[in-house]
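Undergrad: Sharing a structure with you now.
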Amino acid sequence: MHGLASLQAEPEFEAADSMSLVGVSPALAALRQNIRKVSSVPAPVLIWGESGTGKELVARAVHKHSQRASAPFVPVNCGAIPASLIQAELFGYERGAFTGASRDKCGLIEAASSGTIFFDEIGDLPLDMQSNLLRFLQERTIHRLGATRSRQVDVRVIAASHVRLVDAVRAGRFREDLFYRLNVLTLETPPLRQRREDIVPLAQHYFSVFAAERAAGVKGFARDALRAISEYTWPGNVRELVNRVRRASVMAEGRLIRASDLGLDGAQARNSAEDLDCAVTRAERLAIETRLDAGKSMTSVARELGVSRMTLYRLMSKHGIELPTRRSATVVSA
């Protein structure tokens with residue numbers, strides 16, 4: 001009975017603190033300390049971290065511990081807004097500015113006035129919009145579409161990217177002047193593989209978070225599940241952990257979640273995930289290189305692969321694939 005109780009998802013972990021960051025690892029302790037430091041000043045913050053590491057959670061923590069905590073926190077997913085709408089979404093518009101503009105609309109930057117605006121995946125922002133954002137950072141004013149005057153806006157800017165923006169600058173995909181405007185204070189969200197002490201506490205925490213969704217009678221994790229959770233490499237980081245725990249909480253048949261409920265079978269599951277990741281990486285690289293070698297334009301390649309041009313550039317950077325002009329130059333010089 002005692003052994004069973006020790007496996008149940010009781011609050012035996014360090015609960016999420018005022019920053020909503022769960023864990024006891026040195027990497028997380030250092031991140032908490034840095035958040036407190038950057039929260040006390042109004043300068044822009046640039047957050048870097050792999051996908052799924054909780055960059056928005058960190059941005060919210062900075063806002064919550066700043067003097068702007070009582071004002072709005074407005075998140076913007078730069079990769080999710082269609083390019084044709086970004087200008088209007090960020091800066092707003094006046095009635096009659098274009099067909100369908102039947103009323104004035106406040107943009108997201110203006111909506112964050114006195115608070116914080118968070119540009120998630122800012123590396124996906126088109127170059128022309130990067131220029132407009134730079135102007136806002138320099139002048140602290142916005143210009144609604146169709147307006148005849150500018151508006152002063154007091155807002156703190158936090159940006160995040162899973163791509164190293166300095167690499168994007170070198171590749172010509174991100175403005176250097178905007179990078180230096182944003183890169184005043186920096187934070188890095190550590191991947192789960194660098195904070196292994198936090199993996200089981202996180203799993204237990206999210207098991208409790210989704211308590212209302214659990215299958216009837218599910219009380220916690222079996223030993224093999226805890227072992228698998230500890231040993232797995234978590235390439236998708238916290239996002240993957242949340243999804244697996246949530247799914248297992250719903251689908252588990254017994255009183256305890258097993259490794260199989262999580263889709264993890266110890267080392268075998270870990271190795272399979274790594275093999276699959278390698279296979280996906282090879283397939284991505286081959287798909288891009290084959291089309292570029294065939295002389296297709298970047299637009300054509302992006303369309304055939306079903307991704308945006310910005311995503312294609314990001315994939316090329318990830319795999320070390322040079323731009324078509326540089327590839328041609330290399331072939332000629334050879």
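Ordering of the structure tokens sets the chain letters (A, B, ...), residue numbers begin anew at 1 in every chain, and ligands are numbered from 1 in the order given.
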Extract, using only C-alpha atoms, all DNA, RNA and protein residues at most 9 Å from Gln67 (chain A), discarding same-chain residues fewer than 4 positions from it, and format them as a list of chain:residue names.

TA: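 Close residues of Gln67 (chain A): A:Ser39, A:Ser40, A:Val41, A:Pro42, A:His63, A:Ala71, A:Gly115.
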
Undergrad: Provide the CA of Val24 (chain A) to CA of Ser51 (chain A) distance in Å, to one decimal place.

TA: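 CA of Ser51 (chain A) lies at a distance of 21.2 Å from CA of Val24 (chain A).
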
Undergrad: Using only C-alpha atoms, which protein or nucleic acid residues come within 9 Å of Ile288 (chain A)? Drop anything in the same chain fewer than 2 positions from it, and give the result as a PyMOL selection string.

TA: chain A and resi 283-286+290-293+301-302+305+312+315-316+321

Undergrad: Give me the residues within 6 Å of region 182-192 of chain A as a PDB file with N, CA, C and O atoms, in the first residue's frame, counting only C-alpha atoms and dropping any in the same chain fewer than 6 places off.

TA:
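That gives us result_20.pdb:
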```pdb
ATOM      1  N   PRO A  44      13.785  46.219 -23.907  1.00  0.00           N
ATOM      2  CA  PRO A  44      13.309  45.044 -24.648  1.00  0.00           C
ATOM      3  C   PRO A  44      14.023  43.775 -24.190  1.00  0.00           C
ATOM      4  O   PRO A  44      15.179  43.813 -23.763  1.00  0.00           O
ATOM      5  N   VAL A  45      13.310  42.651 -24.298  1.00  0.00           N
ATOM      6  CA  VAL A  45      13.854  41.352 -23.921  1.00  0.00           C
ATOM      7  C   VAL A  45      13.747  40.416 -25.119  1.00  0.00           C
ATOM      8  O   VAL A  45      12.702  40.358 -25.781  1.00  0.00           O
ATOM      9  N   LEU A  46      14.817  39.677 -25.389  1.00  0.00           N
ATOM     10  CA  LEU A  46      14.815  38.682 -26.456  1.00  0.00           C
ATOM     11  C   LEU A  46      15.001  37.309 -25.819  1.00  0.00           C
ATOM     12  O   LEU A  46      15.984  37.069 -25.112  1.00  0.00           O
ATOM     13  N   ILE A  47      14.042  36.412 -26.062  1.00  0.00           N
ATOM     14  CA  ILE A  47      14.072  35.075 -25.492  1.00  0.00           C
ATOM     15  C   ILE A  47      14.391  34.067 -26.583  1.00  0.00           C
ATOM     16  O   ILE A  47      13.742  34.063 -27.636  1.00  0.00           O
ATOM     17  N   TRP A  48      15.395  33.232 -26.335  1.00  0.00           N
ATOM     18  CA  TRP A  48      15.706  32.157 -27.283  1.00  0.00           C
ATOM     19  C   TRP A  48      15.515  30.821 -26.598  1.00  0.00           C
ATOM     20  O   TRP A  48      15.814  30.655 -25.414  1.00  0.00           O
ATOM     21  N   GLY A  49      15.033  29.848 -27.375  1.00  0.00           N
ATOM     22  CA  GLY A  49      14.889  28.505 -26.841  1.00  0.00           C
ATOM     23  C   GLY A  49      14.289  27.590 -27.892  1.00  0.00           C
ATOM     24  O   GLY A  49      13.609  28.048 -28.817  1.00  0.00           O
ATOM     25  N   THR A  53       9.801  24.786 -25.244  1.00  0.00           N
ATOM     26  CA  THR A  53      10.490  24.992 -23.960  1.00  0.00           C
ATOM     27  C   THR A  53       9.803  26.022 -23.062  1.00  0.00           C
ATOM     28  O   THR A  53      10.275  26.294 -21.960  1.00  0.00           O
ATOM     29  N   ASN A 237      10.310  18.652 -25.949  1.00  0.00           N
ATOM     30  CA  ASN A 237      10.395  19.410 -24.706  1.00  0.00           C
ATOM     31  C   ASN A 237       9.076  19.395 -23.919  1.00  0.00           C
ATOM     32  O   ASN A 237       8.351  18.406 -23.950  1.00  0.00           O
TER      33      ASN A 237
END
```

Undergrad: Quick one: everything within 12 Å of Ala252 (chain A), counting only C-alpha atoms, minus sequence neighbours fewer than 4 positions away in the same chain. Send it as a VMD selection string.

TA: chain A and resid 213 to 222 225 244 to 248 256 to 263

Undergrad: Grab the residues selected above and save them as a compact mmCIF listing (two decimals), in the first residue's frame with N, CA, C and O atoms.

TA:
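After the write, selection31.txt holds the following:
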```txt
# COMPACT_ATOMS: atom_id res chain seq x y z
N GLU A 213 -10.06 15.85 -16.67
CA GLU A 213 -10.16 15.07 -17.91
C GLU A 213 -9.80 13.60 -17.70
O GLU A 213 -9.98 12.79 -18.61
N ARG A 214 -9.28 13.25 -16.54
CA ARG A 214 -8.79 11.89 -16.32
C ARG A 214 -9.87 10.83 -16.48
O ARG A 214 -11.03 11.06 -16.15
N ALA A 215 -9.42 9.66 -16.94
CA ALA A 215 -10.31 8.51 -16.94
C ALA A 215 -10.64 8.14 -15.49
O ALA A 215 -9.82 8.34 -14.60
N ALA A 216 -11.83 7.61 -15.28
CA ALA A 216 -12.26 7.26 -13.92
C ALA A 216 -11.30 6.26 -13.29
O ALA A 216 -10.94 5.26 -13.90
N GLY A 217 -10.88 6.52 -12.09
CA GLY A 217 -10.04 5.59 -11.35
C GLY A 217 -8.55 5.74 -11.55
O GLY A 217 -7.75 5.10 -10.86
N VAL A 218 -8.10 6.58 -12.47
CA VAL A 218 -6.67 6.77 -12.71
C VAL A 218 -6.09 7.64 -11.58
O VAL A 218 -6.54 8.77 -11.38
N LYS A 219 -5.11 7.11 -10.86
CA LYS A 219 -4.61 7.77 -9.66
C LYS A 219 -3.18 8.31 -9.79
O LYS A 219 -2.76 9.12 -8.97
N GLY A 220 -2.42 7.86 -10.76
CA GLY A 220 -1.04 8.31 -10.85
C GLY A 220 -0.25 7.52 -11.86
O GLY A 220 -0.82 6.96 -12.82
N PHE A 221 1.07 7.43 -11.66
CA PHE A 221 1.98 6.78 -12.60
C PHE A 221 2.54 5.48 -12.01
O PHE A 221 2.93 5.44 -10.85
N ALA A 222 2.61 4.45 -12.84
CA ALA A 222 3.28 3.21 -12.45
C ALA A 222 4.79 3.41 -12.53
O ALA A 222 5.28 4.38 -13.14
N ALA A 225 6.29 3.71 -15.94
CA ALA A 225 6.00 5.00 -16.56
C ALA A 225 6.98 6.07 -16.07
O ALA A 225 7.52 6.85 -16.86
N ARG A 244 1.69 14.10 -23.98
CA ARG A 244 1.70 12.67 -23.65
C ARG A 244 0.98 12.40 -22.33
O ARG A 244 0.23 11.42 -22.22
N VAL A 245 1.24 13.23 -21.33
CA VAL A 245 0.58 13.04 -20.04
C VAL A 245 -0.91 13.25 -20.15
O VAL A 245 -1.72 12.48 -19.59
N ARG A 246 -1.32 14.26 -20.87
CA ARG A 246 -2.75 14.54 -21.02
C ARG A 246 -3.46 13.39 -21.73
O ARG A 246 -4.55 12.96 -21.33
N ARG A 247 -2.84 12.90 -22.81
CA ARG A 247 -3.44 11.78 -23.56
C ARG A 247 -3.51 10.52 -22.70
O ARG A 247 -4.53 9.83 -22.67
N ALA A 248 -2.43 10.24 -21.97
CA ALA A 248 -2.40 9.04 -21.13
C ALA A 248 -3.43 9.12 -20.01
O ALA A 248 -4.03 8.11 -19.64
N LEU A 256 -3.15 3.01 -12.62
CA LEU A 256 -1.89 3.74 -12.81
C LEU A 256 -1.55 3.83 -14.29
O LEU A 256 -1.75 2.87 -15.05
N ILE A 257 -1.02 4.97 -14.70
CA ILE A 257 -0.57 5.16 -16.08
C ILE A 257 0.70 4.34 -16.29
O ILE A 257 1.65 4.44 -15.52
N ARG A 258 0.70 3.54 -17.36
CA ARG A 258 1.86 2.72 -17.70
C ARG A 258 2.67 3.41 -18.80
O ARG A 258 2.21 4.36 -19.45
N ALA A 259 3.90 2.93 -19.00
CA ALA A 259 4.75 3.48 -20.06
C ALA A 259 4.06 3.38 -21.42
O ALA A 259 4.17 4.27 -22.26
N SER A 260 3.35 2.28 -21.62
CA SER A 260 2.65 2.08 -22.90
C SER A 260 1.54 3.12 -23.09
O SER A 260 1.25 3.52 -24.23
N ASP A 261 0.90 3.57 -22.02
CA ASP A 261 -0.13 4.61 -22.12
C ASP A 261 0.47 5.92 -22.60
O ASP A 261 -0.19 6.72 -23.27
N LEU A 262 1.72 6.15 -22.22
CA LEU A 262 2.43 7.36 -22.62
C LEU A 262 3.04 7.25 -24.02
O LEU A 262 3.53 8.23 -24.57
N GLY A 263 2.99 6.03 -24.58
CA GLY A 263 3.65 5.81 -25.87
C GLY A 263 5.15 5.67 -25.70
O GLY A 263 5.91 5.86 -26.64
```

Undergrad: Write out as a list in words the residues lying within 9 Å of Val76 (chain A), counting only C-alpha atoms and excluding same-chain residues fewer than 4 positions away.

TA: Ala80, Ile81, Leu90, Leu108, Ile117, Phe118, Phe119, Asp120, Glu121 and Ile122 of chain A

Undergrad: Can you spit out the residues from that selection as a PDB file, in the first residue's frame, using all heavy atoms?

TA:
```pdb
ATOM      1  N   ALA A  80       1.724  32.992 -37.469  1.00  0.00           N
ATOM      2  CA  ALA A  80       0.342  32.555 -37.683  1.00  0.00           C
ATOM      3  C   ALA A  80      -0.519  33.592 -38.383  1.00  0.00           C
ATOM      4  O   ALA A  80      -1.610  33.277 -38.853  1.00  0.00           O
ATOM      5  CB  ALA A  80      -0.302  32.177 -36.351  1.00  0.00           C
ATOM      6  N   ILE A  81      -0.051  34.827 -38.464  1.00  0.00           N
ATOM      7  CA  ILE A  81      -0.836  35.892 -39.100  1.00  0.00           C
ATOM      8  C   ILE A  81      -0.491  35.954 -40.583  1.00  0.00           C
ATOM      9  O   ILE A  81       0.684  36.079 -40.939  1.00  0.00           O
ATOM     10  CB  ILE A  81      -0.558  37.261 -38.449  1.00  0.00           C
ATOM     11  CG1 ILE A  81      -0.798  37.207 -36.940  1.00  0.00           C
ATOM     12  CG2 ILE A  81      -1.437  38.335 -39.082  1.00  0.00           C
ATOM     13  CD1 ILE A  81      -0.428  38.496 -36.225  1.00  0.00           C
ATOM     14  N   LEU A  90      -1.240  44.462 -36.439  1.00  0.00           N
ATOM     15  CA  LEU A  90      -0.298  45.060 -35.494  1.00  0.00           C
ATOM     16  C   LEU A  90      -0.582  46.532 -35.239  1.00  0.00           C
ATOM     17  O   LEU A  90      -0.517  47.001 -34.090  1.00  0.00           O
ATOM     18  CB  LEU A  90       1.138  44.899 -35.986  1.00  0.00           C
ATOM     19  CG  LEU A  90       1.725  43.485 -35.992  1.00  0.00           C
ATOM     20  CD1 LEU A  90       3.192  43.531 -36.391  1.00  0.00           C
ATOM     21  CD2 LEU A  90       1.571  42.823 -34.633  1.00  0.00           C
ATOM     22  N   LEU A 108      -2.824  45.436 -32.323  1.00  0.00           N
ATOM     23  CA  LEU A 108      -2.343  44.699 -31.157  1.00  0.00           C
ATOM     24  C   LEU A 108      -1.325  45.497 -30.347  1.00  0.00           C
ATOM     25  O   LEU A 108      -1.292  45.409 -29.119  1.00  0.00           O
ATOM     26  CB  LEU A 108      -1.734  43.369 -31.614  1.00  0.00           C
ATOM     27  CG  LEU A 108      -2.734  42.370 -32.214  1.00  0.00           C
ATOM     28  CD1 LEU A 108      -1.991  41.177 -32.820  1.00  0.00           C
ATOM     29  CD2 LEU A 108      -3.726  41.905 -31.158  1.00  0.00           C
ATOM     30  N   ILE A 117       3.859  43.767 -25.024  1.00  0.00           N
ATOM     31  CA  ILE A 117       3.510  43.013 -26.220  1.00  0.00           C
ATOM     32  C   ILE A 117       4.586  41.962 -26.450  1.00  0.00           C
ATOM     33  O   ILE A 117       5.785  42.252 -26.325  1.00  0.00           O
ATOM     34  CB  ILE A 117       3.326  43.917 -27.457  1.00  0.00           C
ATOM     35  CG1 ILE A 117       2.776  43.078 -28.625  1.00  0.00           C
ATOM     36  CG2 ILE A 117       4.613  44.635 -27.855  1.00  0.00           C
ATOM     37  CD1 ILE A 117       2.143  43.904 -29.720  1.00  0.00           C
ATOM     38  N   PHE A 118       4.162  40.753 -26.740  1.00  0.00           N
ATOM     39  CA  PHE A 118       5.078  39.623 -26.890  1.00  0.00           C
ATOM     40  C   PHE A 118       5.021  39.122 -28.326  1.00  0.00           C
ATOM     41  O   PHE A 118       4.004  38.600 -28.775  1.00  0.00           O
ATOM     42  CB  PHE A 118       4.683  38.504 -25.926  1.00  0.00           C
ATOM     43  CG  PHE A 118       5.444  37.221 -26.135  1.00  0.00           C
ATOM     44  CD1 PHE A 118       6.834  37.197 -26.134  1.00  0.00           C
ATOM     45  CD2 PHE A 118       4.768  36.020 -26.325  1.00  0.00           C
ATOM     46  CE1 PHE A 118       7.532  36.015 -26.333  1.00  0.00           C
ATOM     47  CE2 PHE A 118       5.447  34.833 -26.518  1.00  0.00           C
ATOM     48  CZ  PHE A 118       6.833  34.830 -26.523  1.00  0.00           C
ATOM     49  N   PHE A 119       6.121  39.289 -29.055  1.00  0.00           N
ATOM     50  CA  PHE A 119       6.222  38.815 -30.433  1.00  0.00           C
ATOM     51  C   PHE A 119       6.847  37.420 -30.431  1.00  0.00           C
ATOM     52  O   PHE A 119       8.068  37.271 -30.339  1.00  0.00           O
ATOM     53  CB  PHE A 119       7.069  39.775 -31.272  1.00  0.00           C
ATOM     54  CG  PHE A 119       6.453  41.127 -31.470  1.00  0.00           C
ATOM     55  CD1 PHE A 119       6.901  42.221 -30.742  1.00  0.00           C
ATOM     56  CD2 PHE A 119       5.428  41.315 -32.384  1.00  0.00           C
ATOM     57  CE1 PHE A 119       6.327  43.476 -30.915  1.00  0.00           C
ATOM     58  CE2 PHE A 119       4.844  42.561 -32.562  1.00  0.00           C
ATOM     59  CZ  PHE A 119       5.299  43.641 -31.827  1.00  0.00           C
ATOM     60  N   ASP A 120       5.992  36.395 -30.534  1.00  0.00           N
ATOM     61  CA  ASP A 120       6.481  35.020 -30.544  1.00  0.00           C
ATOM     62  C   ASP A 120       6.921  34.648 -31.956  1.00  0.00           C
ATOM     63  O   ASP A 120       6.247  34.989 -32.930  1.00  0.00           O
ATOM     64  CB  ASP A 120       5.367  34.080 -30.079  1.00  0.00           C
ATOM     65  CG  ASP A 120       5.896  32.701 -29.730  1.00  0.00           C
ATOM     66  OD1 ASP A 120       7.130  32.536 -29.619  1.00  0.00           O
ATOM     67  OD2 ASP A 120       5.076  31.779 -29.551  1.00  0.00           O
ATOM     68  N   GLU A 121       8.041  33.945 -32.062  1.00  0.00           N
ATOM     69  CA  GLU A 121       8.640  33.563 -33.356  1.00  0.00           C
ATOM     70  C   GLU A 121       8.790  34.787 -34.256  1.00  0.00           C
ATOM     71  O   GLU A 121       8.337  34.816 -35.404  1.00  0.00           O
ATOM     72  CB  GLU A 121       7.814  32.473 -34.038  1.00  0.00           C
ATOM     73  CG  GLU A 121       7.768  31.171 -33.263  1.00  0.00           C
ATOM     74  CD  GLU A 121       9.167  30.591 -32.961  1.00  0.00           C
ATOM     75  OE1 GLU A 121      10.150  31.004 -33.592  1.00  0.00           O
ATOM     76  OE2 GLU A 121       9.265  29.725 -32.075  1.00  0.00           O
ATOM     77  N   ILE A 122       9.459  35.788 -33.717  1.00  0.00           N
ATOM     78  CA  ILE A 122       9.620  37.046 -34.458  1.00  0.00           C
ATOM     79  C   ILE A 122      10.445  36.860 -35.723  1.00  0.00           C
ATOM     80  O   ILE A 122      10.376  37.652 -36.653  1.00  0.00           O
ATOM     81  CB  ILE A 122      10.244  38.131 -33.555  1.00  0.00           C
ATOM     82  CG1 ILE A 122      10.059  39.517 -34.186  1.00  0.00           C
ATOM     83  CG2 ILE A 122      11.724  37.829 -33.272  1.00  0.00           C
ATOM     84  CD1 ILE A 122      10.343  40.650 -33.262  1.00  0.00           C
TER      85      ILE A 122
END
```

Undergrad: Report the distance between CA of Val200 (chain A) and CA of Leu31 (chain A) in Å, rounded to one decimal place.

TA: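 Taking CA of Val200 (chain A) as the start and CA of Leu31 (chain A) as the end point, the length is 19.0 Å.
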
Undergrad: What's the separation between CA of Gln33 (chain A) and CA of Gly54 (chain A), in Å to one decimal place?

TA: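 Separation between CA of Gln33 (chain A) and CA of Gly54 (chain A): 16.2 Å.
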
Undergrad: When DSSP is applied to the backbone of this structure, which of region 137-212 of chain A are assigned alpha helix (DSSP H)? Write them out as a PyMOL selection string.

TA: chain A and resi 137-139+165-170+176-182+199-209

Undergrad: From the set A:Gly52, A:Gly254, A:Gly107, A:Gly123, which residue has the shortest atom-to-atom contact distance to Glu89 (chain A), counting only C-alpha atoms?

TA: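 Smallest separation from Glu89 (chain A) among the options: A:Gly107.
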
Undergrad: Taking only C-alpha atoms into account, which of A:Leu137, A:Phe207, A:Ile229, A:Glu94 comes nearest Phe179 (chain A)?

TA: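 Counting only C-alpha atoms, the residue closest to Phe179 (chain A) is A:Leu137.
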
Undergrad: Near region 138-153 of chain A, within 9 Å and counting only C-alpha atoms, which residues show up once chain neighbours fewer than 3 positions away are dropped, as a JSON list (two decimals) with C-alpha atoms, in the first residue's frame?

TA:
```json
[["chain", "number", "residue", "atom", "x", "y", "z"],
["A", 87, "GLN", "CA", 0.10, 45.49, -40.95],
["A", 88, "ALA", "CA", -3.55, 45.89, -39.99],
["A", 90, "LEU", "CA", -0.30, 45.06, -35.49],
["A", 91, "PHE", "CA", -1.00, 48.73, -36.16],
["A", 92, "GLY", "CA", -4.78, 48.84, -36.64],
["A", 93, "TYR", "CA", -6.73, 50.84, -39.20],
["A", 94, "GLU", "CA", -9.19, 53.67, -39.64],
["A", 95, "ARG", "CA", -12.68, 53.32, -41.02],
["A", 96, "GLY", "CA", -12.59, 53.36, -44.83],
["A", 97, "ALA", "CA", -8.87, 52.53, -45.01],
["A", 98, "PHE", "CA", -9.68, 49.63, -47.34],
["A", 105, "LYS", "CA", -9.84, 49.05, -35.28],
["A", 106, "CYS", "CA", -7.18, 49.18, -32.57],
["A", 107, "GLY", "CA", -4.05, 47.19, -33.46],
["A", 109, "ILE", "CA", 0.50, 47.08, -30.30],
["A", 110, "GLU", "CA", -1.95, 49.79, -29.29],
["A", 112, "ALA", "CA", -0.93, 46.53, -25.19],
["A", 113, "SER", "CA", -0.58, 50.19, -24.21],
["A", 114, "SER", "CA", 1.02, 50.61, -20.75],
["A", 132, "ASN", "CA", 7.77, 49.02, -39.57],
["A", 133, "LEU", "CA", 8.45, 47.40, -36.21],
["A", 134, "LEU", "CA", 11.90, 48.99, -36.10],
["A", 135, "ARG", "CA", 10.33, 52.39, -36.67],
["A", 181, "ARG", "CA", 17.12, 46.96, -31.00]]
```
